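Structure first, then comments.
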Amino acid sequence: MKVLIVGSGGREHALAWKISQSPLLTKLYCAPGNAGIQRLAECVGLPADDVSSLVSFAEEQRIDLTVVGPEHPLILGLADALRARGLPVYGPSAAAAQLEGSKIFTDELLARHGISRKRFAAFSDPDAAIAFAREFGAPLVVKADGEALGKGVKVCSSVSEAEGFIRRCMVDREFGAAGERVVIEECLAGQECSIKAFTDGTTVLPMVPSQDHKRIGEGDTGDNTGGMGCYSPVPAVDDSLFSSIVERFLVPTVSAMKAEGIPYSGTLYGGMILTEAGPEILEYNCRFGDPETQVVLPRLDSDLLEVLLATAEGRLGEVQVQWSNRAAVVVVIASGGYPGPYEKGKRITGLEEAARVEGVEVFHAGTTEVNGEVYTAGGRVLGVTAVGAGFREARERAYEACLRIHFDDMYYRRDIGWRALEG
Ligand code: GLY
């Protein structure tokens with residue numbers, strides 16, 4: 001099979017790594033890829049959101065399956081455009097990707113089908129939103145409805161903070177059209193975790209749970225990032241809680257989408273919060289997580305390509321997915337300054353030495369290769385992943401590998417998995 005992966009981050013490197021282990025694979029392409037992916041795939045210089053060029057490429061090369069990493073091309077309709085040409089694709093249609101692309105769509109769907117009890121109200125008028133926030137009181141969460149590059153959600157501890165964020169979204173239009181409407185939600189407290197599933201719109205096959213560290217600083221402090229590290233399994237999610245999350249949230253959401261004539265096919269990613277009253281959904285994403293994929297896929301014993309193809313062809317009910325009991329930990333190495341401004345172009349050394357640590361894979365995120373040397377090219381640069389018999393072994397291996405890597409001003413958190421260490 002000829003496979004095209006769309007994207008250029010650590011998630012796509014992990015997808016390329018796992019797909020390249022499949023006996024079904026004959027040729028792997030990635031658009032645009034990075035310095036790590038290019039060791040496994042032929043990288044094609046097409047941006048991930050250039051829908052028409054990607055479709056032309058897939059058609060010319062007779063790609064048997066396109067696997068879309070990031071949400072943006074899905075929300076733009078890449079999966080629809082490929083399907084319209086008869087090209088198999090792993091990822092939801094633009095209409096189904098609204099589960100990530102529109103917070104209001106999702107809150108209303110989940111309420112309509114009795115899946116979530118979270119209190120919320122949607123607004124297209126800033127004065128009405130501010131009046132509601134004043135009446136509701138703090139704490140509360142304000143979300144720009146649309147895609148806002150991860151910056152459209154604010155947990156507000158005071159009403160004035162909420163008012164300020166509503167104005168930034170709806171009056172100043174800081175996030176463009178994404179902030180034309182906002183949703184105000186009740187603020188829920190508890191540990192967060194990610195529960196994802198493969199689904200073809202009917203069958204739902206869950207992946208192992210993971211827990212991400214979103215903040216830049218140790219102790220989960222400081223600014224939000226795309227994710228600074230992650231681990232799986234998650235001690236706070238035992239088998240019974242895991243099954244109940246899948247049965248109470250993911251399965252009914254897939255049924256609800258089907259019932260509404262918007263079948264959902266691809267990865268359904270539930271961003272969950274474990275409150276004292278039980279699990280609740282914070283948000284859905286329409287893709288694999290990053291860096292969650294870097295710990296979920298190393299625990300997959302089955303042939304990923306077979307599962308992705310069965311999903312794309314609507315016959316997921318025919319396949320079995322096996323997971324190992326081993327633990328996986330990823331530590332993200334970032335450029336100093338991230339998630340604020342940072343410099344690029346720093347030469348990275350020690351990658352091969354790091355990869356020699358038992359159980360370790362170094363997934364590239366923001367990297368580029370020049371004359372055989374690897375340089376930094378993004379905020380999140382590498383995801384140093386390790387598997388081990390248990391969490392502590394995996395974590396020790398990941399940190400041992402991090403010690404062997406060097407570039408100027410590199411930064412990583414030393415406390416990834418602190419909750420699991422305590423647990
Ligand atoms: N790590 C969070 C995400 O992929 O959205």
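Letters A, B, ... mark the chains of the structure tokens in the order given; residue numbers begin at 1 per chain; ligand numbers begin at 1, in order shown.
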
Could you make a table, as a Markdown table, of the residues of chain A that have an atom within 7 Å of an atom of ligand 1, each with its nearest atom pair and distance in Å to one decimal, counting only C-alpha atoms and all ligand atoms, in chain and number order?
```
| residue | atom | partner | partner_atom_place_in_ligand_line | distance |
| --- | --- | --- | --- | --- |
| A:Asp212 | CA | ligand 1 | 1 (N) | 6.1 |
| A:Lys214 | CA | ligand 1 | 1 (N) | 6.9 |
| A:Gly226 | CA | ligand 1 | 1 (N) | 5.4 |
| A:Gly227 | CA | ligand 1 | 1 (N) | 4.7 |
| A:Asn285 | CA | ligand 1 | 5 (O) | 6.8 |
| A:Phe288 | CA | ligand 1 | 4 (O) | 6.7 |
| A:Gly289 | CA | ligand 1 | 4 (O) | 3.3 |
| A:Asp290 | CA | ligand 1 | 4 (O) | 4.0 |
| A:Pro291 | CA | ligand 1 | 1 (N) | 5.3 |
| A:Glu292 | CA | ligand 1 | 1 (N) | 6.0 |
```

Keeping only N, CA and C atoms, take the residues you just selected and write them out as a PDB file, in the first residue's frame.
```pdb
ATOM      1  N   ASP A 212      -1.662  14.261  29.661  1.00  0.00           N
ATOM      2  CA  ASP A 212      -0.762  15.248  29.068  1.00  0.00           C
ATOM      3  C   ASP A 212      -0.441  16.322  30.111  1.00  0.00           C
ATOM      4  N   LYS A 214       0.035  20.145  30.053  1.00  0.00           N
ATOM      5  CA  LYS A 214      -0.135  21.241  29.081  1.00  0.00           C
ATOM      6  C   LYS A 214       0.676  22.489  29.431  1.00  0.00           C
ATOM      7  N   GLY A 226       1.296  23.311  23.655  1.00  0.00           N
ATOM      8  CA  GLY A 226       0.670  22.196  22.940  1.00  0.00           C
ATOM      9  C   GLY A 226       0.765  20.889  23.723  1.00  0.00           C
ATOM     10  N   GLY A 227       1.601  20.850  24.749  1.00  0.00           N
ATOM     11  CA  GLY A 227       1.806  19.636  25.546  1.00  0.00           C
ATOM     12  C   GLY A 227       3.307  19.423  25.745  1.00  0.00           C
ATOM     13  N   ASN A 285     -11.582  16.555  20.243  1.00  0.00           N
ATOM     14  CA  ASN A 285     -10.712  16.869  19.120  1.00  0.00           C
ATOM     15  C   ASN A 285     -10.945  15.821  18.044  1.00  0.00           C
ATOM     16  N   PHE A 288      -5.635  12.593  16.219  1.00  0.00           N
ATOM     17  CA  PHE A 288      -4.758  12.064  17.264  1.00  0.00           C
ATOM     18  C   PHE A 288      -4.185  13.246  18.054  1.00  0.00           C
ATOM     19  N   GLY A 289      -3.848  13.032  19.317  1.00  0.00           N
ATOM     20  CA  GLY A 289      -3.246  14.101  20.127  1.00  0.00           C
ATOM     21  C   GLY A 289      -1.751  14.194  19.876  1.00  0.00           C
ATOM     22  N   ASP A 290      -1.189  15.309  20.271  1.00  0.00           N
ATOM     23  CA  ASP A 290       0.248  15.524  20.174  1.00  0.00           C
ATOM     24  C   ASP A 290       0.672  16.229  21.465  1.00  0.00           C
ATOM     25  N   PRO A 291       1.374  15.587  22.379  1.00  0.00           N
ATOM     26  CA  PRO A 291       2.178  14.369  22.234  1.00  0.00           C
ATOM     27  C   PRO A 291       1.503  13.051  22.647  1.00  0.00           C
ATOM     28  N   GLU A 292       0.184  12.983  22.795  1.00  0.00           N
ATOM     29  CA  GLU A 292      -0.431  11.736  23.251  1.00  0.00           C
ATOM     30  C   GLU A 292      -0.111  10.554  22.324  1.00  0.00           C
TER      31      GLU A 292
END
```

Compile the contact shell of range 136-151 of chain A as an mmCIF file with all heavy atoms, in the first residue's frame: residues with an atom at most 6 Å away, counting only C-alpha atoms, same-chain residues fewer than 6 positions apart removed.
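Generated file (result25.cif):
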```cif
data_model
loop_
_atom_site.group_PDB
_atom_site.id
_atom_site.type_symbol
_atom_site.label_atom_id
_atom_site.label_comp_id
_atom_site.auth_asym_id
_atom_site.auth_seq_id
_atom_site.Cartn_x
_atom_site.Cartn_y
_atom_site.Cartn_z
ATOM 1 N N GLY A 101 -13.923 21.873 15.614
ATOM 2 C CA GLY A 101 -13.917 23.205 14.978
ATOM 3 C C GLY A 101 -14.966 24.156 15.504
ATOM 4 O O GLY A 101 -14.859 25.366 15.286
ATOM 5 N N SER A 102 -15.998 23.651 16.196
ATOM 6 C CA SER A 102 -17.015 24.545 16.763
ATOM 7 C C SER A 102 -17.403 24.062 18.158
ATOM 8 O O SER A 102 -18.051 23.021 18.317
ATOM 9 C CB SER A 102 -18.261 24.611 15.879
ATOM 10 O OG SER A 102 -19.296 25.282 16.581
ATOM 11 N N LYS A 103 -17.002 24.846 19.147
ATOM 12 C CA LYS A 103 -17.315 24.472 20.547
ATOM 13 C C LYS A 103 -18.827 24.500 20.763
ATOM 14 O O LYS A 103 -19.368 23.717 21.544
ATOM 15 C CB LYS A 103 -16.661 25.457 21.520
ATOM 16 C CG LYS A 103 -15.196 25.742 21.274
ATOM 17 C CD LYS A 103 -14.319 24.554 21.570
ATOM 18 C CE LYS A 103 -12.863 24.833 21.297
ATOM 19 N NZ LYS A 103 -12.214 23.855 20.471
ATOM 20 N N ILE A 104 -19.505 25.411 20.063
ATOM 21 C CA ILE A 104 -20.962 25.536 20.253
ATOM 22 C C ILE A 104 -21.662 24.311 19.643
ATOM 23 O O ILE A 104 -22.564 23.735 20.257
ATOM 24 C CB ILE A 104 -21.485 26.860 19.649
ATOM 25 C CG1 ILE A 104 -20.869 28.034 20.419
ATOM 26 C CG2 ILE A 104 -23.009 26.929 19.689
ATOM 27 C CD1 ILE A 104 -21.173 29.415 19.857
ATOM 28 N N SER A 157 -11.050 33.311 36.598
ATOM 29 C CA SER A 157 -11.337 33.229 38.032
ATOM 30 C C SER A 157 -12.121 34.442 38.517
ATOM 31 O O SER A 157 -12.507 34.508 39.676
ATOM 32 C CB SER A 157 -10.044 33.060 38.827
ATOM 33 O OG SER A 157 -9.147 34.052 38.428
ATOM 34 N N SER A 158 -12.345 35.435 37.644
ATOM 35 C CA SER A 158 -13.178 36.583 38.025
ATOM 36 C C SER A 158 -14.046 36.972 36.829
ATOM 37 O O SER A 158 -13.710 36.665 35.677
ATOM 38 C CB SER A 158 -12.306 37.771 38.441
ATOM 39 O OG SER A 158 -11.627 38.257 37.301
ATOM 40 N N VAL A 159 -15.132 37.659 37.128
ATOM 41 C CA VAL A 159 -16.031 38.094 36.054
ATOM 42 C C VAL A 159 -15.321 39.129 35.169
ATOM 43 O O VAL A 159 -15.477 39.129 33.941
ATOM 44 C CB VAL A 159 -17.349 38.656 36.650
ATOM 45 C CG1 VAL A 159 -18.187 39.325 35.578
ATOM 46 C CG2 VAL A 159 -18.130 37.535 37.317
ATOM 47 N N PHE A 175 -9.089 36.632 17.476
ATOM 48 C CA PHE A 175 -8.987 35.315 16.827
ATOM 49 C C PHE A 175 -9.771 35.278 15.524
ATOM 50 O O PHE A 175 -10.149 34.198 15.053
ATOM 51 C CB PHE A 175 -9.488 34.218 17.777
ATOM 52 C CG PHE A 175 -8.895 34.319 19.154
ATOM 53 C CD1 PHE A 175 -9.698 34.634 20.243
ATOM 54 C CD2 PHE A 175 -7.540 34.146 19.356
ATOM 55 C CE1 PHE A 175 -9.147 34.754 21.511
ATOM 56 C CE2 PHE A 175 -6.980 34.267 20.623
ATOM 57 C CZ PHE A 175 -7.785 34.575 21.706
ATOM 58 N N ALA A 178 -13.083 33.061 14.323
ATOM 59 C CA ALA A 178 -13.239 32.044 15.380
ATOM 60 C C ALA A 178 -13.905 32.628 16.619
ATOM 61 O O ALA A 178 -14.532 31.898 17.398
ATOM 62 C CB ALA A 178 -11.878 31.458 15.743
ATOM 63 N N GLY A 179 -13.766 33.951 16.823
ATOM 64 C CA GLY A 179 -14.317 34.579 18.024
ATOM 65 C C GLY A 179 -15.619 35.328 17.781
ATOM 66 O O GLY A 179 -16.091 36.053 18.655
ATOM 67 N N ARG A 181 -18.501 34.120 17.722
ATOM 68 C CA ARG A 181 -19.413 33.616 18.747
ATOM 69 C C ARG A 181 -18.568 33.046 19.884
ATOM 70 O O ARG A 181 -17.439 32.590 19.661
ATOM 71 C CB ARG A 181 -20.315 32.518 18.168
ATOM 72 C CG ARG A 181 -21.211 33.025 17.055
ATOM 73 C CD ARG A 181 -22.339 32.060 16.765
ATOM 74 N NE ARG A 181 -21.864 30.787 16.258
ATOM 75 C CZ ARG A 181 -22.575 29.650 16.295
ATOM 76 N NH1 ARG A 181 -23.787 29.651 16.815
ATOM 77 N NH2 ARG A 181 -22.079 28.544 15.795
ATOM 78 N N VAL A 182 -19.099 33.099 21.083
ATOM 79 C CA VAL A 182 -18.399 32.467 22.213
ATOM 80 C C VAL A 182 -19.380 31.566 22.943
ATOM 81 O O VAL A 182 -20.603 31.733 22.834
ATOM 82 C CB VAL A 182 -17.812 33.480 23.235
ATOM 83 C CG1 VAL A 182 -16.806 34.416 22.589
ATOM 84 C CG2 VAL A 182 -18.898 34.235 23.963
ATOM 85 N N VAL A 183 -18.816 30.636 23.701
ATOM 86 C CA VAL A 183 -19.631 29.844 24.604
ATOM 87 C C VAL A 183 -19.058 30.023 26.009
ATOM 88 O O VAL A 183 -17.836 30.084 26.187
ATOM 89 C CB VAL A 183 -19.697 28.353 24.153
ATOM 90 C CG1 VAL A 183 -18.343 27.701 24.114
ATOM 91 C CG2 VAL A 183 -20.645 27.564 25.035
ATOM 92 N N ILE A 184 -19.971 30.202 26.947
ATOM 93 C CA ILE A 184 -19.566 30.322 28.354
ATOM 94 C C ILE A 184 -19.997 29.029 29.045
ATOM 95 O O ILE A 184 -21.139 28.596 28.920
ATOM 96 C CB ILE A 184 -20.226 31.553 29.006
ATOM 97 C CG1 ILE A 184 -19.729 32.816 28.290
ATOM 98 C CG2 ILE A 184 -19.921 31.601 30.503
ATOM 99 C CD1 ILE A 184 -20.345 34.101 28.779
ATOM 100 N N GLU A 185 -19.042 28.415 29.736
ATOM 101 C CA GLU A 185 -19.322 27.122 30.369
ATOM 102 C C GLU A 185 -18.997 27.194 31.847
ATOM 103 O O GLU A 185 -18.148 27.982 32.273
ATOM 104 C CB GLU A 185 -18.426 26.022 29.755
ATOM 105 C CG GLU A 185 -18.658 25.754 28.298
ATOM 106 C CD GLU A 185 -17.701 24.698 27.750
ATOM 107 O OE1 GLU A 185 -16.806 24.227 28.475
ATOM 108 O OE2 GLU A 185 -17.848 24.359 26.556
ATOM 109 N N GLU A 186 -19.621 26.299 32.603
ATOM 110 C CA GLU A 186 -19.244 26.182 34.008
ATOM 111 C C GLU A 186 -17.809 25.657 34.084
ATOM 112 O O GLU A 186 -17.337 24.954 33.182
ATOM 113 C CB GLU A 186 -20.200 25.243 34.750
ATOM 114 C CG GLU A 186 -20.071 23.794 34.367
ATOM 115 C CD GLU A 186 -20.951 22.884 35.211
ATOM 116 O OE1 GLU A 186 -20.792 22.873 36.441
ATOM 117 O OE2 GLU A 186 -21.800 22.178 34.612
ATOM 118 N N CYS A 187 -17.118 26.029 35.162
ATOM 119 C CA CYS A 187 -15.717 25.633 35.340
ATOM 120 C C CYS A 187 -15.685 24.339 36.158
ATOM 121 O O CYS A 187 -16.234 24.292 37.249
ATOM 122 C CB CYS A 187 -15.008 26.753 36.082
ATOM 123 S SG CYS A 187 -13.270 26.502 36.213
#
```

For Ser265 in chain A, please output as a list in words all residues within 6 Å (counting only C-alpha atoms; exclusion window: fewer than 3 positions along the same chain).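 Here the qualifying residues turn out to be Gly91, Pro92, Thr199, Asp200 and Gly201 of chain A.
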
Report as a list in words all protein, DNA and RNA residues lying within 7 Å of range 163-167 of chain A, evaluated on only C-alpha atoms, omitting residues in the same chain fewer than 4 positions from it.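 My list of contacting residues is Pro126, Ile130, Val159, Val171 and Asp172 of chain A.
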
Expected file contents, prior selection, all heavy atoms, as an mmCIF file, in the first residue's frame:
```
data_model
loop_
_atom_site.group_PDB
_atom_site.id
_atom_site.type_symbol
_atom_site.label_atom_id
_atom_site.label_comp_id
_atom_site.auth_asym_id
_atom_site.auth_seq_id
_atom_site.Cartn_x
_atom_site.Cartn_y
_atom_site.Cartn_z
ATOM 1 N N PRO A 126 -21.740 40.428 22.126
ATOM 2 C CA PRO A 126 -20.844 40.559 23.282
ATOM 3 C C PRO A 126 -21.553 41.071 24.533
ATOM 4 O O PRO A 126 -21.257 40.620 25.643
ATOM 5 C CB PRO A 126 -19.765 41.551 22.808
ATOM 6 C CG PRO A 126 -20.241 42.141 21.526
ATOM 7 C CD PRO A 126 -21.294 41.232 20.969
ATOM 8 N N ILE A 130 -21.558 39.224 28.118
ATOM 9 C CA ILE A 130 -21.040 39.851 29.345
ATOM 10 C C ILE A 130 -22.127 39.855 30.428
ATOM 11 O O ILE A 130 -21.857 39.552 31.603
ATOM 12 C CB ILE A 130 -20.509 41.273 29.032
ATOM 13 C CG1 ILE A 130 -19.205 41.141 28.227
ATOM 14 C CG2 ILE A 130 -20.286 42.069 30.313
ATOM 15 C CD1 ILE A 130 -18.687 42.423 27.613
ATOM 16 N N VAL A 159 -15.132 37.659 37.128
ATOM 17 C CA VAL A 159 -16.031 38.094 36.054
ATOM 18 C C VAL A 159 -15.321 39.129 35.169
ATOM 19 O O VAL A 159 -15.477 39.129 33.941
ATOM 20 C CB VAL A 159 -17.349 38.656 36.650
ATOM 21 C CG1 VAL A 159 -18.187 39.325 35.578
ATOM 22 C CG2 VAL A 159 -18.130 37.535 37.317
ATOM 23 N N VAL A 171 -15.120 41.636 20.232
ATOM 24 C CA VAL A 171 -15.033 43.047 19.847
ATOM 25 C C VAL A 171 -13.705 43.304 19.122
ATOM 26 O O VAL A 171 -13.675 43.784 17.986
ATOM 27 C CB VAL A 171 -15.186 43.971 21.085
ATOM 28 C CG1 VAL A 171 -15.110 45.437 20.676
ATOM 29 C CG2 VAL A 171 -16.486 43.663 21.826
ATOM 30 N N ASP A 172 -12.601 42.900 19.757
ATOM 31 C CA ASP A 172 -11.281 43.139 19.137
ATOM 32 C C ASP A 172 -11.003 42.122 18.035
ATOM 33 O O ASP A 172 -10.085 42.304 17.248
ATOM 34 C CB ASP A 172 -10.159 43.042 20.183
ATOM 35 C CG ASP A 172 -10.412 43.966 21.374
ATOM 36 O OD1 ASP A 172 -11.195 44.930 21.203
ATOM 37 O OD2 ASP A 172 -9.859 43.721 22.454
#
```

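Residue nearest Gly278 in chain A, chosen from A:Phe391, A:Leu305, A:Gln211, A:Arg117 and counting only C-alpha atoms: A:Arg117.
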
Students should find that CA of Ala328 in chain A and CA of Gly379 in chain A are spaced 22.7 Å

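Note that the spacing between CA of Asp303 in chain A and CA of Ser22 in chain A amounts to 5.8 Å.
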
Once you count only C-alpha atoms, what closest atom pair and distance in Å to one decimal does each residue of range 198-282 of chain A within 8 Å of range 334-345 of chain A have, with rows by chain and rising residue number, as JSON lines?
```
{"residue": "A:Ile216", "atom": "CA", "partner": "A:Pro339", "partner_atom": "CA", "distance": 7.5}
{"residue": "A:Asp223", "atom": "CA", "partner": "A:Pro339", "partner_atom": "CA", "distance": 7.2}
{"residue": "A:Asn224", "atom": "CA", "partner": "A:Pro339", "partner_atom": "CA", "distance": 7.5}
{"residue": "A:Thr225", "atom": "CA", "partner": "A:Pro339", "partner_atom": "CA", "distance": 5.9}
```

Do a neighbour search on Leu24 in chain A at 10 Å with only C-alpha atoms, toss out local chain neighbours closer than 3 positions, and write the hits as number ranges by chain. A: 1-3, 19-21, 27, 303, 305-306

For Thr267 in chain A, find every residue with an atom within 12 Å (counting only C-alpha atoms), except residues of its own chain fewer than 5 positions away, and show them as a VMD selection string. chain A and resid 67 to 71 74 89 to 93 96 to 97 99 to 100 194 to 201 203 to 207 250 254 284 to 289 293 307 to 308 311 to 312

Run DSSP on the backbone of this structure and report the residues of range 143-271 of chain A it assigns to strand (DSSP E or B), as a ChimeraX atom specification. /A:143-144,153-156,182-186,191-199,204-206,210-212,215-217,221-224,229-232,266-271

Identify which of the residues A:Ala420, A:Cys230, A:Val51, A:Leu309 lies closest to Ala398 in chain A, counting only C-alpha atoms when measuring atom-to-atom distances.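 Of A:Ala420, A:Cys230, A:Val51, A:Leu309, the one nearest Ala398 in chain A, counting only C-alpha atoms, is A:Cys230.
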
Nearby residues (only C-alpha atoms) at most 7 Å from Glu180 in chain A, same-chain spacing under 6 positions excluded, as a list in words: Ser124, Cys169 and Met170 of chain A

Keeping only N, CA, C and O atoms, take the residues you just selected and write them out as a JSON list (two decimals), in the first residue's frame.
```json
[["chain", "number", "residue", "atom", "x", "y", "z"],
["A", 124, "SER", "N", -23.77, 35.32, 20.31],
["A", 124, "SER", "CA", -23.19, 36.00, 19.15],
["A", 124, "SER", "C", -23.15, 37.51, 19.40],
["A", 124, "SER", "O", -22.71, 38.26, 18.53],
["A", 169, "CYS", "N", -12.32, 38.40, 22.15],
["A", 169, "CYS", "CA", -12.86, 37.50, 21.11],
["A", 169, "CYS", "C", -13.81, 38.25, 20.18],
["A", 169, "CYS", "O", -13.68, 38.19, 18.96],
["A", 170, "MET", "N", -14.80, 38.93, 20.79],
["A", 170, "MET", "CA", -15.97, 39.36, 20.00],
["A", 170, "MET", "C", -15.88, 40.80, 19.52],
["A", 170, "MET", "O", -16.51, 41.15, 18.52]]
```

For each of A:Ala365, A:Leu274, A:Leu65, A:Leu82, take the minimum atom-to-atom distance to Gly10 in chain A, counting only C-alpha atoms, then give the residue where this is smallest.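 Closest to Gly10 in chain A, using only C-alpha atoms: A:Ala365.
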
Where in range 53-283 of chain A does DSSP assign helix (DSSP H, G or I), given as a PyMOL selection string? chain A and resi 53-60+71-76+78-84+98-101+103-112+126-136+159-170+176-179+239-259
